[in-house]
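Step one of this worksheet: look at the structure below.
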Amino acid sequence: MRHALPVLLLIVALASPAGARAQSAQSPSGGMWWSVSAAAGGARLSCNICDPTRDAGPAVEGAIGTYASPAVRVGVDGGWWTFREDDFREQVMSAGVVAEVHPRRGSGLHLIGGLGWSGYRANDTDPAPDQEGFSYDALRLRLGAGWDLPLTSSWSVGNRVTLDASSLGTLKDEDTPIARAVGLSVVRIAIYLRHN
Amino acid sequence: MKHSIARRPFGFAATVLLAAAACGTDDPFFVELPSIGDGVAFGIWAPGLTDTCSAAIHNAYYTVGPDSLRYPTWHPPVDPSGCTFGHEHGRDPSGSDLFREVGPIPFGYANQHLEEGGFGAPRNEDHVGHKVEWENDVAMDIGGAGGNVVSIECDILVKLHQGTHSADAFTNNLHEVAYHIRCSDGTGFSATALTPIGTAGEMVVGCDRQTHIDAGTANPSISPDGGGQRAIPEAACMQSQVIAPSDGRPRFDNALHESWEISVGLRTANGHTLAAFNPYFQVRDPSRFFDNGVPGLARPIDLCYLPQVRGRDRCAALGTDSVGWNDPRSPFKGTRRFVDVNGNFISNADGPNVWWTDSFGRNGRTEPFPGAIRQWVASRDNDGIDLHGPTIGRNRNYDAPGVRAPN
């Protein structure tokens, strides 16, 4: 987590403009929305032989969808997280469907839930031609919460915290299973820009 | 019973069965058996010179092997009664987390069954050369970048017959190894074998590990060649690093560094490798070195009496005294040892735990046969992981009251 703190402070600074008025992002049902986000994230595999260290690194995400109701956004999302140490890189790719619900009218607070896929890859930065490294794929459950801050009637920024949790995947090294019932968790603290 | 620490299979059955149940296996490595006789290795030690323990006291330290024969096993260099044996077998295995599962290590079990398994000559080794080393919760090195992803710990308990006091290892490459490992990823095996280390009749110069020397004829002469090598100190090493070093400073540790680099595999009758390991067993202070120009054995202690060496480096503690090669005061007793664990491979995902091999670890079958050695291999493959161990025991010195060469 040694890279996380400065990134976190930056996110908090960017996402907390003084005096900003929170609001819900309610738009007419059926309208489109999209968002991009930058995040600091920490990822960790969980199994009997997995390194317990939660490695921290940058992440980006994108999402697009529609309004199911004035208080509910639904859509699809995709993201990428990475961590590099010396000549070794870890990556987590994710994709799925997402829903963001504003439980209180007029509040920027929204809850996030999603379902999808997470894929973990780890390898040398300059691998040999036939070197596949470590891999892991599993279903992903996403939970989180965020806070919208309006910029204009159609743009908003915000910050959010999400947890992607996967379990019951198989960790492979060079395509050979080395651990089963493996979990993967990715925590992201993000700022985002959304167009409604 | 004052010697019960090592001599008895004492109540192991219950604990082993419990451990086996916890591990989900029905086939524990160690099972308590009644004794039906003595192995060749049992009872061969006799006190000499400064040793104050009797053979009877020594023989009270035994264990019963998988063949129901009695074998000598680890004992402390000083008996609880206070008498001394004059030799040591390394680290007390009862402190290993594996001890309850694998039990006392029988010294000479693989040697015992060599001929019975069809080999055309016996190979028996002396008693004092059996050396035990172990470490619990060893953080393993994973090959490539794997250390960033997985973290594996192993309990390791090893024994090698590594005689560094005689000419035996100059030519003889067959030495008994017992190797027990259990890891957090499920890798685990208990292997005992009479393993050929390098080429029979040939040794490698210890201080360069490259120059091969034809040291004579191996005993037995039909000893097969094996992987690895026996890097043993030689006269040129002593000349360049002790007698006439370029900077005038003698360095016995460099000159005497001895490394037995073994490569062992348990193989089935059809050639499939069930388990493989290649530790390096290293000694800093052997009590002899190879010198074709010296009648009998060349002894490093004799170099302490050269004018340019006297009182320096490892000879410092002697002062102006002159002691024999087999005196407990000699600094060259083979007590400073360590083991590079190195690679550990297992391929037995669909196999049973208990395998029977010949003394060389070959011809593995699921049922015992004449001359067979009992092996244990976890039902697992670890070919996706390059599982390497670090050095264990580097800073240990097994010197103790009364210990002397031959040790």
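Note on naming: chains are A, B, ... as they come in the structure tokens, residues start from 1 per chain, ligands start from 1 in the order shown.
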Extract, using only C-alpha atoms, all DNA, RNA and protein residues at most 6 Å from Leu111 in chain A, discarding same-chain residues fewer than 2 positions from it, and format them as a PyMOL selection string. chain A and resi 100-101+144-145
Can I get the selected residues back with N, CA and C atoms, as a compact mmCIF listing (two decimals), in the first residue's frame?
# COMPACT_ATOMS: atom_id res chain seq x y z
N GLU A 100 -26.37 1.74 -9.99
CA GLU A 100 -26.08 2.77 -8.98
C GLU A 100 -27.42 3.36 -8.54
N VAL A 101 -27.67 3.28 -7.27
CA VAL A 101 -28.98 3.65 -6.73
C VAL A 101 -28.83 4.82 -5.77
N GLY A 144 -20.27 -0.98 -3.35
CA GLY A 144 -19.61 0.28 -3.09
C GLY A 144 -20.57 1.40 -2.81
N ALA A 145 -19.99 2.57 -2.63
CA ALA A 145 -20.80 3.77 -2.39
C ALA A 145 -20.05 4.96 -2.94
List every residue of range 122-264 of chain B that DSSP, applied to the backbone of this structure, places in strand (DSSP E or B), and write the result as a PyMOL selection string. chain B and resi 130-139+141-142+150+153-161+174-183+188-196+202-205+212-214+229-232+234+258-261+264
Mind listing as a list in words which residues of chain B are within 10 Å of chain A, counting only C-alpha atoms? Gly144, Ala145, Gly146, Gly147, Asn148, Val149, Val150, Ser151, Ile152, Glu153, Cys183, Ser184, Asp185, Gly186, Arg380, Asp381, Asn382, Asp383, Gly384, Ile385 and Asp386 of chain B
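Among the candidates B:Gly103, B:Pro331, B:Gly248, B:Gly324, the one nearest to Ala178 in chain B when counting only C-alpha atoms is B:Gly103.
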Using only C-alpha atoms, I'd like a table of the residues in range 269-339 of chain B that come within 12 Å of range 357-362 of chain B; for each, show the closest atom pair and its distance in Å rounded to one decimal, ordered by chain and ascending number, as a Markdown table.
| residue | atom | partner | partner_atom | distance |
| --- | --- | --- | --- | --- |
| B:Ala269 | CA | B:Arg362 | CA | 6.8 |
| B:Asn270 | CA | B:Arg362 | CA | 9.4 |
| B:Gly271 | CA | B:Arg362 | CA | 7.9 |
| B:His272 | CA | B:Arg362 | CA | 9.5 |
| B:Thr273 | CA | B:Arg362 | CA | 9.0 |
| B:Leu274 | CA | B:Gly361 | CA | 9.9 |
| B:Ala275 | CA | B:Gly361 | CA | 9.7 |
| B:Ala276 | CA | B:Gly361 | CA | 10.0 |
| B:Phe277 | CA | B:Gly361 | CA | 11.8 |
Using only N, CA and C atoms, please write the residues we just selected to a file, as a short mmCIF file (atom, residue, chain, number, x, y, z; two decimals), in the first residue's frame.
data_model
loop_
_atom_site.label_atom_id
_atom_site.label_comp_id
_atom_site.auth_asym_id
_atom_site.auth_seq_id
_atom_site.Cartn_x
_atom_site.Cartn_y
_atom_site.Cartn_z
N ALA B 269 8.40 -47.74 -11.80
CA ALA B 269 9.00 -48.77 -12.65
C ALA B 269 8.98 -48.36 -14.12
N ASN B 270 8.01 -47.53 -14.50
CA ASN B 270 7.98 -47.10 -15.91
C ASN B 270 8.69 -45.77 -16.14
N GLY B 271 9.44 -45.33 -15.15
CA GLY B 271 10.31 -44.17 -15.33
C GLY B 271 9.70 -42.84 -14.95
N HIS B 272 8.44 -42.82 -14.52
CA HIS B 272 7.82 -41.56 -14.12
C HIS B 272 8.45 -41.06 -12.82
N THR B 273 8.82 -39.79 -12.78
CA THR B 273 9.41 -39.22 -11.57
C THR B 273 8.31 -38.76 -10.62
N LEU B 274 8.23 -39.41 -9.48
CA LEU B 274 7.23 -39.07 -8.47
C LEU B 274 7.63 -37.84 -7.67
N ALA B 275 8.88 -37.77 -7.34
CA ALA B 275 9.39 -36.66 -6.54
C ALA B 275 10.88 -36.51 -6.84
N ALA B 276 11.34 -35.29 -6.76
CA ALA B 276 12.76 -35.04 -7.02
C ALA B 276 13.22 -33.87 -6.16
N PHE B 277 14.47 -33.93 -5.76
CA PHE B 277 15.04 -32.87 -4.93
C PHE B 277 16.55 -32.85 -5.14
#
Contacts of range 32-40 of chain A within 8 Å, only C-alpha atoms, excl. fewer than 3 positions in-chain, as a list in words: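 The residues satisfying every condition are Ala4, Val7, Leu8, Ile11, Ala56, Gly57, Pro58, Ala59, Val60, Glu61, Gly62, Ala63, Ile64, Gly65, Thr66, Tyr67, Arg188, Ile189, Ala190, Ile191, Tyr192, Leu193, Arg194, His195 and Asn196 of chain A.
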How many Å separate CA of Ser156 in chain A from CA of Val76 in chain A?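 These two atoms are separated by 18.6 Å.
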For Ala255 in chain B: contacts at 12 Å, only C-alpha atoms, fewer than 4 positions along chain excluded, given as number ranges by chain: B: 205-209, 231-245, 249-251, 259, 283-286, 288-290, 300, 303, 313-314
Quote the spacing between CA of Ala181 in chain A and CA of Val98 in chain A in Å to one decimal place.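 Interatomic distance, CA of Ala181 in chain A to CA of Val98 in chain A: 24.8 Å.
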Contacts of Gly311 in chain B at 12 Å or less, counting only C-alpha atoms, minus same-chain residues fewer than 2 places along, as a PyMOL selection string? chain B and resi 249-250+301+303-309+313-322+331
To one decimal in Å, tell me the separation between CA of Pro220 in chain B and CA of Gly117 in chain B.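 Atom-to-atom, CA of Pro220 in chain B and CA of Gly117 in chain B are spaced 15.2 Å apart.
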From A:Ala128, A:Val182, A:Ile112, A:Met93, residue lying nearest Trp81 in chain A [only C-alpha atoms]: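 Once distances to Trp81 in chain A are computed over only C-alpha atoms, the minimum belongs to A:Met93.
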